[in-house]
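One file, start.txt, carrying compact mmCIF, N, CA and C atoms:
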# COMPACT_ATOMS: atom_id res chain seq x y z
N HIS A 1 17.20 177.27 19.53
CA HIS A 1 17.28 177.24 20.97
C HIS A 1 16.65 175.99 21.57
N LEU A 2 15.65 175.47 20.90
CA LEU A 2 14.96 174.30 21.43
C LEU A 2 15.33 173.03 20.66
N CYS A 3 16.44 173.10 19.94
CA CYS A 3 16.90 171.97 19.13
C CYS A 3 15.87 171.58 18.08
N ARG A 4 15.14 172.56 17.62
CA ARG A 4 14.17 172.33 16.56
C ARG A 4 14.51 173.25 15.40
N ARG A 5 14.29 172.74 14.20
CA ARG A 5 14.46 173.57 13.01
C ARG A 5 13.64 172.95 11.88
N ALA A 6 13.41 173.75 10.89
CA ALA A 6 12.67 173.26 9.73
C ALA A 6 13.54 172.27 8.96
N VAL A 7 12.90 171.27 8.42
CA VAL A 7 13.61 170.29 7.59
C VAL A 7 13.95 170.98 6.27
N GLU A 8 15.22 170.94 5.92
CA GLU A 8 15.66 171.56 4.68
C GLU A 8 16.20 170.49 3.74
N PRO A 9 15.90 170.63 2.44
CA PRO A 9 16.45 169.66 1.49
C PRO A 9 17.97 169.88 1.34
N VAL A 10 18.68 168.83 1.04
CA VAL A 10 20.12 168.92 0.83
C VAL A 10 20.38 169.56 -0.53
N ASP A 11 21.21 170.57 -0.57
CA ASP A 11 21.59 171.24 -1.81
C ASP A 11 22.81 170.51 -2.36
N ARG A 12 22.61 169.58 -3.29
CA ARG A 12 23.69 168.74 -3.80
C ARG A 12 24.77 169.56 -4.52
N GLU A 13 24.38 170.61 -5.22
CA GLU A 13 25.36 171.43 -5.92
C GLU A 13 26.30 172.12 -4.91
N LEU A 14 25.73 172.65 -3.86
CA LEU A 14 26.53 173.30 -2.82
C LEU A 14 27.38 172.27 -2.07
N GLU A 15 26.83 171.11 -1.83
CA GLU A 15 27.57 170.03 -1.18
C GLU A 15 28.78 169.62 -2.02
N THR A 16 28.60 169.51 -3.33
CA THR A 16 29.70 169.17 -4.24
C THR A 16 30.76 170.26 -4.24
N PHE A 17 30.33 171.52 -4.29
CA PHE A 17 31.26 172.65 -4.26
C PHE A 17 32.14 172.59 -3.02
N TYR A 18 31.54 172.47 -1.86
CA TYR A 18 32.33 172.45 -0.62
C TYR A 18 33.19 171.20 -0.50
N GLY A 19 32.73 170.08 -1.02
CA GLY A 19 33.55 168.87 -1.02
C GLY A 19 34.82 169.07 -1.84
N ARG A 20 34.68 169.69 -3.02
CA ARG A 20 35.86 169.97 -3.85
C ARG A 20 36.75 171.02 -3.21
N LEU A 21 36.15 172.04 -2.63
CA LEU A 21 36.94 173.09 -1.98
C LEU A 21 37.76 172.53 -0.82
N MET A 22 37.16 171.69 -0.01
CA MET A 22 37.88 171.11 1.12
C MET A 22 38.99 170.18 0.63
N SER A 23 38.76 169.50 -0.48
CA SER A 23 39.80 168.65 -1.07
C SER A 23 40.99 169.51 -1.53
N CYS A 24 40.70 170.66 -2.13
CA CYS A 24 41.77 171.59 -2.54
C CYS A 24 42.55 172.08 -1.33
N MET A 25 41.84 172.46 -0.30
CA MET A 25 42.49 173.02 0.89
C MET A 25 43.33 172.00 1.63
N SER A 26 43.08 170.72 1.41
CA SER A 26 43.87 169.71 2.11
C SER A 26 45.15 169.34 1.36
N ARG A 27 45.38 169.93 0.19
CA ARG A 27 46.61 169.65 -0.56
C ARG A 27 47.81 170.14 0.24
N ASP A 28 48.86 169.34 0.26
CA ASP A 28 50.06 169.68 1.05
C ASP A 28 50.62 171.04 0.72
N GLU A 29 50.72 171.35 -0.58
CA GLU A 29 51.33 172.63 -0.95
C GLU A 29 50.49 173.83 -0.52
N MET A 30 49.20 173.66 -0.38
CA MET A 30 48.36 174.77 0.05
C MET A 30 48.41 174.98 1.56
N ARG A 31 48.79 173.96 2.27
CA ARG A 31 48.91 174.09 3.73
C ARG A 31 50.32 174.46 4.14
N ASP A 32 51.33 173.83 3.53
CA ASP A 32 52.71 173.98 3.99
C ASP A 32 53.66 174.50 2.93
N GLY A 33 53.16 174.80 1.72
CA GLY A 33 54.03 175.20 0.62
C GLY A 33 54.40 176.67 0.63
N ASP A 34 55.17 177.04 -0.37
CA ASP A 34 55.57 178.43 -0.56
C ASP A 34 54.49 179.15 -1.35
N TRP A 35 53.99 180.25 -0.79
CA TRP A 35 52.92 181.03 -1.40
C TRP A 35 53.50 182.22 -2.12
N GLN A 36 52.88 182.57 -3.27
CA GLN A 36 53.33 183.73 -4.01
C GLN A 36 52.13 184.40 -4.66
N LEU A 37 52.05 185.72 -4.53
CA LEU A 37 51.05 186.51 -5.24
C LEU A 37 51.56 186.72 -6.66
N LEU A 38 50.72 186.47 -7.65
CA LEU A 38 51.10 186.66 -9.05
C LEU A 38 50.52 187.98 -9.56
N GLU A 39 51.24 188.62 -10.45
CA GLU A 39 50.83 189.90 -11.01
C GLU A 39 50.32 189.70 -12.43
N PRO A 40 49.00 189.67 -12.63
CA PRO A 40 48.46 189.50 -13.99
C PRO A 40 48.87 190.67 -14.89
N ARG A 41 49.17 190.34 -16.15
CA ARG A 41 49.51 191.36 -17.14
C ARG A 41 48.38 191.44 -18.16
N PRO A 42 48.19 192.61 -18.78
CA PRO A 42 47.13 192.74 -19.79
C PRO A 42 47.33 191.73 -20.93
N ALA A 43 46.23 191.19 -21.40
CA ALA A 43 46.28 190.22 -22.50
C ALA A 43 46.59 190.92 -23.82
N TRP A 44 46.21 192.19 -23.93
CA TRP A 44 46.54 193.00 -25.10
C TRP A 44 46.44 194.46 -24.69
N ASP A 45 47.03 195.33 -25.50
CA ASP A 45 47.01 196.77 -25.21
C ASP A 45 45.58 197.27 -25.12
N GLY A 46 45.33 198.06 -24.10
CA GLY A 46 44.01 198.65 -23.92
C GLY A 46 43.02 197.78 -23.16
N ASN A 47 43.39 196.57 -22.82
CA ASN A 47 42.50 195.68 -22.06
C ASN A 47 42.90 195.74 -20.60
N GLY A 48 42.15 196.48 -19.80
CA GLY A 48 42.46 196.62 -18.39
C GLY A 48 41.78 195.61 -17.49
N THR A 49 41.12 194.61 -18.08
CA THR A 49 40.39 193.65 -17.25
C THR A 49 41.32 192.77 -16.40
N CYS A 50 42.63 192.80 -16.70
CA CYS A 50 43.56 192.02 -15.87
C CYS A 50 43.53 192.52 -14.42
N GLY A 51 43.11 193.76 -14.22
CA GLY A 51 43.00 194.30 -12.87
C GLY A 51 41.90 193.67 -12.05
N GLN A 52 41.01 192.93 -12.68
CA GLN A 52 39.94 192.23 -11.98
C GLN A 52 40.37 190.86 -11.48
N ILE A 53 41.55 190.41 -11.90
CA ILE A 53 41.99 189.05 -11.57
C ILE A 53 43.00 189.10 -10.44
N ILE A 54 42.77 188.28 -9.45
CA ILE A 54 43.75 188.09 -8.38
C ILE A 54 44.20 186.64 -8.47
N ALA A 55 45.50 186.43 -8.40
CA ALA A 55 46.04 185.08 -8.60
C ALA A 55 47.13 184.77 -7.58
N TYR A 56 47.15 183.52 -7.15
CA TYR A 56 48.12 183.02 -6.18
C TYR A 56 48.70 181.72 -6.68
N ASP A 57 49.87 181.40 -6.18
CA ASP A 57 50.58 180.20 -6.57
C ASP A 57 51.16 179.57 -5.30
N TRP A 58 50.96 178.27 -5.13
CA TRP A 58 51.55 177.53 -4.02
C TRP A 58 52.43 176.43 -4.60
N LYS A 59 53.63 176.25 -4.05
CA LYS A 59 54.55 175.21 -4.53
C LYS A 59 55.18 174.48 -3.35
N MET A 60 55.37 173.17 -3.56
CA MET A 60 56.05 172.38 -2.55
C MET A 60 56.41 171.02 -3.14
N ASP A 61 57.67 170.64 -3.05
CA ASP A 61 58.14 169.31 -3.46
C ASP A 61 57.64 168.90 -4.84
N GLY A 62 57.74 169.80 -5.80
CA GLY A 62 57.34 169.49 -7.16
C GLY A 62 55.85 169.57 -7.43
N ARG A 63 55.06 169.86 -6.42
CA ARG A 63 53.61 170.03 -6.59
C ARG A 63 53.31 171.51 -6.66
N ARG A 64 52.31 171.85 -7.46
CA ARG A 64 51.98 173.26 -7.64
C ARG A 64 50.47 173.41 -7.80
N THR A 65 49.91 174.42 -7.12
CA THR A 65 48.51 174.77 -7.27
C THR A 65 48.44 176.25 -7.59
N LEU A 66 47.68 176.58 -8.61
CA LEU A 66 47.52 177.94 -9.09
C LEU A 66 46.05 178.32 -8.97
N VAL A 67 45.76 179.44 -8.32
CA VAL A 67 44.39 179.91 -8.15
C VAL A 67 44.26 181.28 -8.81
N ALA A 68 43.24 181.43 -9.63
CA ALA A 68 42.96 182.71 -10.28
C ALA A 68 41.47 183.00 -10.13
N VAL A 69 41.14 184.21 -9.67
CA VAL A 69 39.75 184.60 -9.43
C VAL A 69 39.47 185.91 -10.17
N ASN A 70 38.39 185.92 -10.94
CA ASN A 70 37.91 187.16 -11.54
C ASN A 70 36.87 187.72 -10.58
N TYR A 71 37.23 188.76 -9.86
CA TYR A 71 36.30 189.33 -8.89
C TYR A 71 35.60 190.56 -9.47
N GLY A 72 35.43 190.59 -10.78
CA GLY A 72 34.78 191.70 -11.44
C GLY A 72 33.51 191.30 -12.17
N PRO A 73 32.71 192.31 -12.59
CA PRO A 73 31.42 192.05 -13.22
C PRO A 73 31.48 191.76 -14.71
N GLN A 74 32.68 191.75 -15.29
CA GLN A 74 32.80 191.42 -16.71
C GLN A 74 33.88 190.38 -16.94
N GLU A 75 33.83 189.73 -18.09
CA GLU A 75 34.83 188.75 -18.44
C GLU A 75 36.20 189.42 -18.43
N ALA A 76 37.21 188.69 -17.97
CA ALA A 76 38.56 189.26 -17.85
C ALA A 76 39.60 188.35 -18.49
N GLN A 77 40.56 188.98 -19.14
CA GLN A 77 41.65 188.25 -19.77
C GLN A 77 42.97 188.77 -19.22
N CYS A 78 43.95 187.88 -19.14
CA CYS A 78 45.27 188.28 -18.67
C CYS A 78 46.29 187.22 -19.04
N TYR A 79 47.54 187.58 -18.83
CA TYR A 79 48.64 186.63 -18.85
C TYR A 79 49.19 186.58 -17.44
N LEU A 80 49.35 185.38 -16.91
CA LEU A 80 49.96 185.20 -15.59
C LEU A 80 51.40 184.76 -15.78
N PRO A 81 52.34 185.50 -15.23
CA PRO A 81 53.74 185.11 -15.37
C PRO A 81 54.05 183.86 -14.54
N LEU A 82 54.63 182.88 -15.19
CA LEU A 82 55.09 181.66 -14.53
C LEU A 82 56.51 181.37 -15.05
N PRO A 83 57.48 182.21 -14.65
CA PRO A 83 58.82 182.10 -15.23
C PRO A 83 59.52 180.78 -14.93
N ASP A 84 59.11 180.08 -13.90
CA ASP A 84 59.77 178.82 -13.55
C ASP A 84 59.03 177.60 -14.09
N ALA A 85 58.17 177.82 -15.10
CA ALA A 85 57.45 176.68 -15.70
C ALA A 85 58.46 175.72 -16.32
N ALA A 86 58.23 174.45 -16.11
CA ALA A 86 59.15 173.42 -16.61
C ALA A 86 59.08 173.34 -18.13
N PRO A 87 60.21 173.06 -18.78
CA PRO A 87 60.17 172.88 -20.23
C PRO A 87 59.34 171.65 -20.60
N GLY A 88 58.90 171.60 -21.84
CA GLY A 88 58.04 170.51 -22.26
C GLY A 88 56.59 170.88 -22.00
N GLY A 89 55.73 169.90 -21.93
CA GLY A 89 54.32 170.16 -21.73
C GLY A 89 53.95 170.24 -20.26
N ILE A 90 53.04 171.15 -19.94
CA ILE A 90 52.49 171.20 -18.59
C ILE A 90 50.98 171.02 -18.70
N GLU A 91 50.43 170.35 -17.73
CA GLU A 91 48.99 170.13 -17.70
C GLU A 91 48.39 170.94 -16.56
N LEU A 92 47.30 171.62 -16.87
CA LEU A 92 46.55 172.38 -15.87
C LEU A 92 45.20 171.70 -15.73
N ARG A 93 44.96 171.14 -14.56
CA ARG A 93 43.71 170.42 -14.28
C ARG A 93 42.95 171.19 -13.22
N ASP A 94 41.74 171.66 -13.56
CA ASP A 94 40.95 172.46 -12.63
C ASP A 94 40.34 171.55 -11.57
N LEU A 95 40.75 171.75 -10.34
CA LEU A 95 40.30 170.90 -9.24
C LEU A 95 38.85 171.17 -8.84
N MET A 96 38.35 172.35 -9.16
CA MET A 96 36.98 172.69 -8.81
C MET A 96 36.00 172.34 -9.93
N ASN A 97 36.52 172.15 -11.14
CA ASN A 97 35.69 171.76 -12.27
C ASN A 97 36.44 170.71 -13.08
N PRO A 98 36.27 169.44 -12.75
CA PRO A 98 37.06 168.37 -13.38
C PRO A 98 36.92 168.31 -14.90
N ALA A 99 35.91 168.96 -15.48
CA ALA A 99 35.75 168.95 -16.93
C ALA A 99 36.77 169.86 -17.61
N ILE A 100 37.43 170.73 -16.85
CA ILE A 100 38.38 171.69 -17.43
C ILE A 100 39.80 171.19 -17.23
N SER A 101 40.49 171.03 -18.35
CA SER A 101 41.89 170.61 -18.33
C SER A 101 42.56 171.17 -19.58
N TYR A 102 43.77 171.71 -19.41
CA TYR A 102 44.51 172.28 -20.53
C TYR A 102 45.93 171.73 -20.53
N THR A 103 46.51 171.65 -21.71
CA THR A 103 47.92 171.32 -21.84
C THR A 103 48.58 172.47 -22.57
N ARG A 104 49.67 172.97 -22.03
CA ARG A 104 50.41 174.09 -22.62
C ARG A 104 51.88 173.73 -22.70
N ARG A 105 52.58 174.37 -23.60
CA ARG A 105 54.03 174.20 -23.70
C ARG A 105 54.68 175.01 -22.59
N GLY A 106 55.59 174.39 -21.85
CA GLY A 106 56.27 175.07 -20.75
C GLY A 106 57.04 176.28 -21.20
N GLU A 107 57.68 176.20 -22.37
CA GLU A 107 58.46 177.32 -22.88
C GLU A 107 57.55 178.52 -23.16
N GLU A 108 56.37 178.27 -23.69
CA GLU A 108 55.40 179.32 -24.00
C GLU A 108 54.94 180.02 -22.72
N VAL A 109 54.62 179.23 -21.72
CA VAL A 109 54.14 179.78 -20.45
C VAL A 109 55.25 180.52 -19.71
N ALA A 110 56.47 179.97 -19.75
CA ALA A 110 57.60 180.61 -19.07
C ALA A 110 57.93 181.95 -19.72
N GLY A 111 57.76 182.04 -21.03
CA GLY A 111 58.11 183.27 -21.74
C GLY A 111 57.03 184.33 -21.64
N GLY A 112 55.86 184.03 -22.19
CA GLY A 112 54.80 185.03 -22.26
C GLY A 112 53.82 185.00 -21.11
N GLY A 113 53.77 183.91 -20.40
CA GLY A 113 52.81 183.77 -19.31
C GLY A 113 51.66 182.87 -19.71
N LEU A 114 50.86 182.50 -18.75
CA LEU A 114 49.69 181.64 -18.96
C LEU A 114 48.50 182.54 -19.29
N TYR A 115 47.92 182.36 -20.48
CA TYR A 115 46.76 183.15 -20.87
C TYR A 115 45.52 182.60 -20.17
N LEU A 116 44.75 183.52 -19.58
CA LEU A 116 43.48 183.15 -18.95
C LEU A 116 42.37 184.05 -19.46
N ASP A 117 41.21 183.48 -19.64
CA ASP A 117 39.99 184.21 -20.00
C ASP A 117 38.93 183.70 -19.02
N VAL A 118 38.60 184.51 -18.02
CA VAL A 118 37.77 184.05 -16.91
C VAL A 118 36.44 184.82 -16.91
N PRO A 119 35.31 184.11 -16.90
CA PRO A 119 34.00 184.78 -16.84
C PRO A 119 33.84 185.59 -15.55
N PRO A 120 32.88 186.51 -15.53
CA PRO A 120 32.68 187.32 -14.33
C PRO A 120 32.38 186.47 -13.10
N TRP A 121 32.98 186.86 -11.99
CA TRP A 121 32.78 186.23 -10.68
C TRP A 121 33.13 184.75 -10.66
N ARG A 122 33.98 184.29 -11.55
CA ARG A 122 34.36 182.88 -11.61
C ARG A 122 35.82 182.71 -11.23
N TYR A 123 36.29 181.48 -11.22
CA TYR A 123 37.61 181.16 -10.70
C TYR A 123 38.14 179.87 -11.32
N HIS A 124 39.44 179.65 -11.15
CA HIS A 124 40.08 178.39 -11.50
C HIS A 124 41.00 178.02 -10.34
N VAL A 125 41.05 176.75 -10.01
CA VAL A 125 42.01 176.20 -9.05
C VAL A 125 42.72 175.08 -9.80
N PHE A 126 43.90 175.40 -10.35
CA PHE A 126 44.60 174.45 -11.20
C PHE A 126 45.66 173.67 -10.43
N ALA A 127 45.65 172.36 -10.60
CA ALA A 127 46.81 171.54 -10.23
C ALA A 127 47.70 171.58 -11.46
N VAL A 128 48.94 172.03 -11.29
CA VAL A 128 49.87 172.18 -12.41
C VAL A 128 50.84 171.02 -12.38
N GLN A 129 50.91 170.27 -13.47
CA GLN A 129 51.80 169.11 -13.54
C GLN A 129 52.62 169.17 -14.80
Target encoding structure tokens, full file:
Amino acid sequence: HLCRRAVEPVDRELETFYGRLMSCMSRDEMRDGDWQLLEPRPAWDGNGTCGQIIAYDWKMDGRRTLVAVNYGPQEAQCYLPLPDAAPGGIELRDLMNPAISYTRRGEEVAGGGLYLDVPPWRYHVFAVQ
């Protein structure tokens, strides 16, 4: 109220997180692209942890962003159907964690789906190329 507040140190980890998040949100396909809810399938019989994963896909002009979130208290595995995956190799680059990058065969992903193993309360924001 008096334009006074305690001096707080800058939380660099939080600053980095929000910088990456805002960069993701500014992607054209996430603002103006076609959105689709994806239905995770069990990674194997008897594994119901796929129910903890919520996944979305945005596409526009050949660009694609895939978001998967494990909103549960245990590690979760699933297959995400991506029937329109391009043949050949596809690269999944995590925009929120630049150290994570995968290359998969398009035929494999189009047929069986993209396998994910996500720790509790964690997420991936993949640029798919």
Exercise for the section: Find the residues near segment 112-123 of chain A: any atom within 10 Å, counting only C-alpha atoms, skip ones fewer than 5 places away on the same chain, and give them as a ChimeraX atom specification. Expected result: /A:40-43,49-50,52-55,67-83,85,94,96-97,104-107
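Residues in contact with segment 13-26 of chain A at 12 Å, where only C-alpha atoms are counted and same-chain residues fewer than 5 positions away are skipped, are listed as Arg31, Asp32, Gly33, Trp58, Arg64, Thr65, Leu66, Val67, Arg93, Asp94, Leu95, Met96, Asn97, Pro98, Tyr123, His124, Val125, Phe126 and Ala127 of chain A.
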Handout entry: Which of chain A fall in strand (DSSP E), as an MDAnalysis selection string
Key = chainID A and resid 34:38 41:42 53:60 63:70 76:80 89:94 101:105 114:118 123:128
Practice task
Just list the residues in segment 3-124 of chain A DSSP gives alpha helix (DSSP H) on the backbone, as a ChimeraX atom specification.
Solution key: /A:12-25,28-32,106-112
Store the residues picked out above in a file with N, CA and C atoms, as an mmCIF file, in the coordinates of the input.
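Saved the output as result33.cif:
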data_model
loop_
_atom_site.group_PDB
_atom_site.id
_atom_site.type_symbol
_atom_site.label_atom_id
_atom_site.label_comp_id
_atom_site.auth_asym_id
_atom_site.auth_seq_id
_atom_site.Cartn_x
_atom_site.Cartn_y
_atom_site.Cartn_z
ATOM 1 N N ARG A 12 22.610 169.580 -3.290
ATOM 2 C CA ARG A 12 23.690 168.740 -3.800
ATOM 3 C C ARG A 12 24.770 169.560 -4.520
ATOM 4 N N GLU A 13 24.380 170.610 -5.220
ATOM 5 C CA GLU A 13 25.360 171.430 -5.920
ATOM 6 C C GLU A 13 26.300 172.120 -4.910
ATOM 7 N N LEU A 14 25.730 172.650 -3.860
ATOM 8 C CA LEU A 14 26.530 173.300 -2.820
ATOM 9 C C LEU A 14 27.380 172.270 -2.070
ATOM 10 N N GLU A 15 26.830 171.110 -1.830
ATOM 11 C CA GLU A 15 27.570 170.030 -1.180
ATOM 12 C C GLU A 15 28.780 169.620 -2.020
ATOM 13 N N THR A 16 28.600 169.510 -3.330
ATOM 14 C CA THR A 16 29.700 169.170 -4.240
ATOM 15 C C THR A 16 30.760 170.260 -4.240
ATOM 16 N N PHE A 17 30.330 171.520 -4.290
ATOM 17 C CA PHE A 17 31.260 172.650 -4.260
ATOM 18 C C PHE A 17 32.140 172.590 -3.020
ATOM 19 N N TYR A 18 31.540 172.470 -1.860
ATOM 20 C CA TYR A 18 32.330 172.450 -0.620
ATOM 21 C C TYR A 18 33.190 171.200 -0.500
ATOM 22 N N GLY A 19 32.730 170.080 -1.020
ATOM 23 C CA GLY A 19 33.550 168.870 -1.020
ATOM 24 C C GLY A 19 34.820 169.070 -1.840
ATOM 25 N N ARG A 20 34.680 169.690 -3.020
ATOM 26 C CA ARG A 20 35.860 169.970 -3.850
ATOM 27 C C ARG A 20 36.750 171.020 -3.210
ATOM 28 N N LEU A 21 36.150 172.040 -2.630
ATOM 29 C CA LEU A 21 36.940 173.090 -1.980
ATOM 30 C C LEU A 21 37.760 172.530 -0.820
ATOM 31 N N MET A 22 37.160 171.690 -0.010
ATOM 32 C CA MET A 22 37.880 171.110 1.120
ATOM 33 C C MET A 22 38.990 170.180 0.630
ATOM 34 N N SER A 23 38.760 169.500 -0.480
ATOM 35 C CA SER A 23 39.800 168.650 -1.070
ATOM 36 C C SER A 23 40.990 169.510 -1.530
ATOM 37 N N CYS A 24 40.700 170.660 -2.130
ATOM 38 C CA CYS A 24 41.770 171.590 -2.540
ATOM 39 C C CYS A 24 42.550 172.080 -1.330
ATOM 40 N N MET A 25 41.840 172.460 -0.300
ATOM 41 C CA MET A 25 42.490 173.020 0.890
ATOM 42 C C MET A 25 43.330 172.000 1.630
ATOM 43 N N ASP A 28 48.860 169.340 0.260
ATOM 44 C CA ASP A 28 50.060 169.680 1.050
ATOM 45 C C ASP A 28 50.620 171.040 0.720
ATOM 46 N N GLU A 29 50.720 171.350 -0.580
ATOM 47 C CA GLU A 29 51.330 172.630 -0.950
ATOM 48 C C GLU A 29 50.490 173.830 -0.520
ATOM 49 N N MET A 30 49.200 173.660 -0.380
ATOM 50 C CA MET A 30 48.360 174.770 0.050
ATOM 51 C C MET A 30 48.410 174.980 1.560
ATOM 52 N N ARG A 31 48.790 173.960 2.270
ATOM 53 C CA ARG A 31 48.910 174.090 3.730
ATOM 54 C C ARG A 31 50.320 174.460 4.140
ATOM 55 N N ASP A 32 51.330 173.830 3.530
ATOM 56 C CA ASP A 32 52.710 173.980 3.990
ATOM 57 C C ASP A 32 53.660 174.500 2.930
ATOM 58 N N GLY A 106 55.590 174.390 -21.850
ATOM 59 C CA GLY A 106 56.270 175.070 -20.750
ATOM 60 C C GLY A 106 57.040 176.280 -21.200
ATOM 61 N N GLU A 107 57.680 176.200 -22.370
ATOM 62 C CA GLU A 107 58.460 177.320 -22.880
ATOM 63 C C GLU A 107 57.550 178.520 -23.160
ATOM 64 N N GLU A 108 56.370 178.270 -23.690
ATOM 65 C CA GLU A 108 55.400 179.320 -24.000
ATOM 66 C C GLU A 108 54.940 180.020 -22.720
ATOM 67 N N VAL A 109 54.620 179.230 -21.720
ATOM 68 C CA VAL A 109 54.140 179.780 -20.450
ATOM 69 C C VAL A 109 55.250 180.520 -19.710
ATOM 70 N N ALA A 110 56.470 179.970 -19.750
ATOM 71 C CA ALA A 110 57.600 180.610 -19.070
ATOM 72 C C ALA A 110 57.930 181.950 -19.720
ATOM 73 N N GLY A 111 57.760 182.040 -21.030
ATOM 74 C CA GLY A 111 58.110 183.270 -21.740
ATOM 75 C C GLY A 111 57.030 184.330 -21.640
ATOM 76 N N GLY A 112 55.860 184.030 -22.190
ATOM 77 C CA GLY A 112 54.800 185.030 -22.260
ATOM 78 C C GLY A 112 53.820 185.000 -21.110
#
Problem - Computed interatomic separation between atom CA of Met30 of chain A and atom C of Met60 of chain A (Å) - result: 9.4 Å
Fill in the blank from the handout: From atom N of Ala110 of chain A to atom C of Asp57 of chain A the spacing works out at 15.4 Å
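For the pair atom C of Arg63 of chain A and atom CA of Val128 of chain A, the separation is 6.7 Å.
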